[in-house]
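Notes to accompany the following structure.
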Amino acid sequence: MSEKNQPVQPAAGEGALENHLGGDEARNYRKYEYDMVAPHVGRSLLEIGSGLGHFSEQFAGRLDYLAVSDNDPYCVEQLAKRYADDSGVEVLSLALPAKVGIRQKVDTVVMMNVLEHIAEDVQALRDLAAVVEPGGRIVIWVPGYMQLYGDFDRKVGHVTRYTPKTLGKTIAEAGLEAEVLKPINFLGGIAWWAAVRRGGVGYPDPRLVKIYDRTVIPTTRFLERLFRPPFGQTVFAVARVPG
């Protein structure tokens with residue numbers, strides 16, 4: 001990909017552009033994320049790029065151990081406050097690629113819209129695999145297809161957008177096995193292309209995000225029960241750690 005000295009995992013502070021895509025304006029999208037990821041989560045979880053903790057908190061009650069992490073000091077501070085009274089949750093300041101200083105190994109790692117920011121993506125996955133129990137999984141959610149790459153991607157620091165082929169190559173080079181590897185959110189990809197690439201929108205309008213969430217996401221979920229889409233706004237993978 002890019003040079004080794006490029007920025008690592010980005011900061012994700014309170015005002016980050018990407019927050020609108022998973023916030024209150026997009027509740028159906030957040031449920032879509034959860035429903036895709038939850039079946040692959042075991043009893044112990046490390047989340048990379050936790051932000052303010054909205055995604056990981058959905059798993060907190062069902063886990064024996066949860067570790068949350070971010071590279072942004074504000075987010076790490078807020079995560080520490082959120083889980084101050086929960087001894088079963090560990091909060092990490094972490095920027096990949098790096099050795100992951102976690103107090104115990106986990107059976108699952110979740111990365112939601114993180115890997116695309118990291119130039120050394122193969123090394124980042126190797127670092128994570130080192131703290132996953134043999135046979136455990138790394139769940140990866142990344143933006144799909146360079147045809148959709150535009151000003152928004154540049155503003156939020158995306159090194160790339162993946163296809164199943166390119167993400168599969170990264171997973172394999174990290175020594176992992178792809179159990180699930182597929183494009184998702186087919187209609188979202190078309191809407192993104194029309195609004196952001198062809199329409200020249202540099203950043204999704206929160207008002208349009210609400211409409212998208214109420215109409216496109218439910219329709220996409222219905223269609224994806226019927227057929228596997230040929231491409232999508234997102235590429236979803238579950239990579240197994242050998243063991």
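Chain identifiers are assigned as A, B, and so on, following the order in which chains appear in the structure tokens; residues are numbered from 1 within each chain, and ligands are numbered from 1 in order of appearance.
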From a DSSP pass on the backbone, collect the residues of stretch 154-186 of chain A flagged as strand (DSSP E or B) and hand them back as a ChimeraX atom specification.
-> /A:162,177-184
For the selection just defined, write its residues with all heavy atoms to a file, as a compact mmCIF listing (two decimals), in the first residue's frame.
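Final output, saved to result15.txt:
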```txt
# COMPACT_ATOMS: atom_id res chain seq x y z
N TYR A 162 -11.51 -1.08 0.31
CA TYR A 162 -11.17 -2.45 -0.02
C TYR A 162 -12.21 -3.09 -0.94
O TYR A 162 -13.36 -2.66 -1.02
CB TYR A 162 -11.09 -3.29 1.26
CG TYR A 162 -9.91 -3.00 2.14
CD1 TYR A 162 -9.99 -2.03 3.14
CD2 TYR A 162 -8.71 -3.69 2.01
CE1 TYR A 162 -8.91 -1.75 3.97
CE2 TYR A 162 -7.62 -3.43 2.83
CZ TYR A 162 -7.74 -2.46 3.82
OH TYR A 162 -6.67 -2.19 4.63
N GLU A 177 -7.02 -16.77 8.24
CA GLU A 177 -7.91 -17.44 7.28
C GLU A 177 -9.25 -16.73 7.24
O GLU A 177 -9.89 -16.54 8.28
CB GLU A 177 -8.13 -18.89 7.69
CG GLU A 177 -9.09 -19.65 6.81
CD GLU A 177 -9.44 -21.02 7.35
OE1 GLU A 177 -8.73 -21.52 8.25
OE2 GLU A 177 -10.43 -21.62 6.86
N ALA A 178 -9.68 -16.32 6.05
CA ALA A 178 -10.96 -15.62 5.90
C ALA A 178 -12.11 -16.63 5.94
O ALA A 178 -12.27 -17.43 5.02
CB ALA A 178 -10.99 -14.83 4.61
N GLU A 179 -12.90 -16.58 6.99
CA GLU A 179 -14.09 -17.44 7.09
C GLU A 179 -15.28 -16.79 6.41
O GLU A 179 -16.13 -17.47 5.83
CB GLU A 179 -14.43 -17.70 8.55
CG GLU A 179 -13.44 -18.58 9.29
CD GLU A 179 -13.90 -18.93 10.68
OE1 GLU A 179 -14.74 -18.20 11.24
OE2 GLU A 179 -13.42 -19.95 11.22
N VAL A 180 -15.38 -15.47 6.51
CA VAL A 180 -16.42 -14.68 5.84
C VAL A 180 -15.71 -13.54 5.14
O VAL A 180 -14.83 -12.89 5.71
CB VAL A 180 -17.45 -14.12 6.84
CG1 VAL A 180 -18.49 -13.27 6.11
CG2 VAL A 180 -18.10 -15.24 7.64
N LEU A 181 -16.08 -13.30 3.88
CA LEU A 181 -15.46 -12.22 3.12
C LEU A 181 -16.42 -11.83 2.00
O LEU A 181 -16.56 -12.55 1.01
CB LEU A 181 -14.12 -12.68 2.55
CG LEU A 181 -13.28 -11.65 1.78
CD1 LEU A 181 -12.94 -10.45 2.65
CD2 LEU A 181 -12.01 -12.30 1.25
N LYS A 182 -17.10 -10.69 2.17
CA LYS A 182 -18.13 -10.36 1.19
C LYS A 182 -18.46 -8.86 1.21
O LYS A 182 -18.30 -8.18 2.23
CB LYS A 182 -19.40 -11.15 1.48
CG LYS A 182 -20.02 -10.86 2.84
CD LYS A 182 -21.25 -11.73 3.08
CE LYS A 182 -21.87 -11.47 4.44
NZ LYS A 182 -23.06 -12.32 4.67
N PRO A 183 -18.94 -8.35 0.06
CA PRO A 183 -19.46 -6.98 0.05
C PRO A 183 -20.86 -6.97 0.65
O PRO A 183 -21.63 -7.93 0.50
CB PRO A 183 -19.50 -6.64 -1.44
CG PRO A 183 -19.68 -7.95 -2.13
CD PRO A 183 -19.00 -8.98 -1.26
N ILE A 184 -21.19 -5.88 1.32
CA ILE A 184 -22.54 -5.70 1.87
C ILE A 184 -22.99 -4.27 1.63
O ILE A 184 -22.20 -3.42 1.24
CB ILE A 184 -22.62 -6.05 3.37
CG1 ILE A 184 -21.67 -5.16 4.18
CG2 ILE A 184 -22.31 -7.52 3.61
CD1 ILE A 184 -21.81 -5.35 5.69
```
Which of these, A:Asp85, A:Asp213, A:Glu224, A:Glu116, has the shortest distance to A:Thr160 once you count only C-alpha atoms?
-> A:Glu116
List every residue of stretch 43-167 of chain A that DSSP, applied to the backbone of this structure, places in alpha helix (DSSP H), and write the result as a list in words.
->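 Matching residues, listed in order: Pro73, Tyr74, Cys75, Val76, Glu77, Gln78, Leu79, Ala80, Lys81, Arg82, Asp121, Val122, Gln123, Ala124, Leu125, Arg126, Asp127, Leu128, Ala129, Asp151, Phe152, Asp153, Arg154, Lys155, Pro164, Lys165, Thr166 and Leu167 of chain A.
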Provide the atom CA of A:Thr170 to atom CA of A:Gly53 distance in Å, to one decimal place.
-> 26.9 Å
Would you mind reading off the distance between atom CA of A:Tyr29 and atom CA of A:Arg161, one decimal, in Å?
->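 Those two atoms sit 19.1 Å apart.
Here atom CA of A:Val139 stands at a distance of 16.2 Å from atom CA of A:Glu173.
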Spatial neighbours of A:Thr215, max dist 12 Å, only C-alpha atoms, sep filter under 5 positions, as a PyMOL selection string | chain A and resi 26-29+187-188+191+208-210+220-222
Got a sec: who's within 8 Å of A:Val109, counting only C-alpha atoms, leaving out chain neighbours fewer than 2 positions off, as a ChimeraX atom specification?
-> /A:45-48,106-107,111,128,132,137-139
Would you export the selected residues with C-alpha atoms as a compact mmCIF listing (two decimals), in the first residue's frame, please?
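The file below, part07.txt, is the result:
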```
# COMPACT_ATOMS: atom_id res chain seq x y z
CA LEU A 45 -13.78 -8.97 23.09
CA LEU A 46 -11.24 -6.32 22.15
CA GLU A 47 -12.69 -3.45 20.13
CA ILE A 48 -10.29 -1.32 18.10
CA VAL A 106 -9.49 -12.57 23.80
CA ASP A 107 -11.46 -14.82 21.49
CA MET A 111 -12.59 -3.38 13.97
CA LEU A 128 -4.01 -8.13 16.85
CA VAL A 132 -6.29 -13.56 20.09
CA ARG A 137 -11.61 -14.32 15.20
CA ILE A 138 -10.96 -10.79 14.00
CA VAL A 139 -14.12 -9.16 12.66
```
If we count only C-alpha atoms, what is near A:Thr234 at a cut-off of 7 Å, once residues fewer than 6 positions away on the same chain are taken out, given as a ChimeraX atom specification?
-> /A:141-144,183-185
Tell me which of A:Leu96, A:Arg214, A:Pro164, A:Thr108 sits closest to A:Asp127, counting only C-alpha atoms.
->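 Among the listed residues, A:Leu96 lies closest to A:Asp127.
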Pick out the residues sitting within 12 Å of A:Gln58, and hand them over as a list in words; count only C-alpha atoms, and ignore anything fewer than 5 positions along from it in its own chain.
-> Arg30, Lys31, Glu33, Tyr34, Asp35, Val37, Ala38, Val41, Leu45, Glu47, Ser50, Gly53, Leu63 and Leu66 of chain A
Would you mind telling me which residue in A:Ile171, A:Ala67, A:Ile102, A:Ala194 lies nearest to A:Leu125 when using only C-alpha atoms?
-> A:Ile171
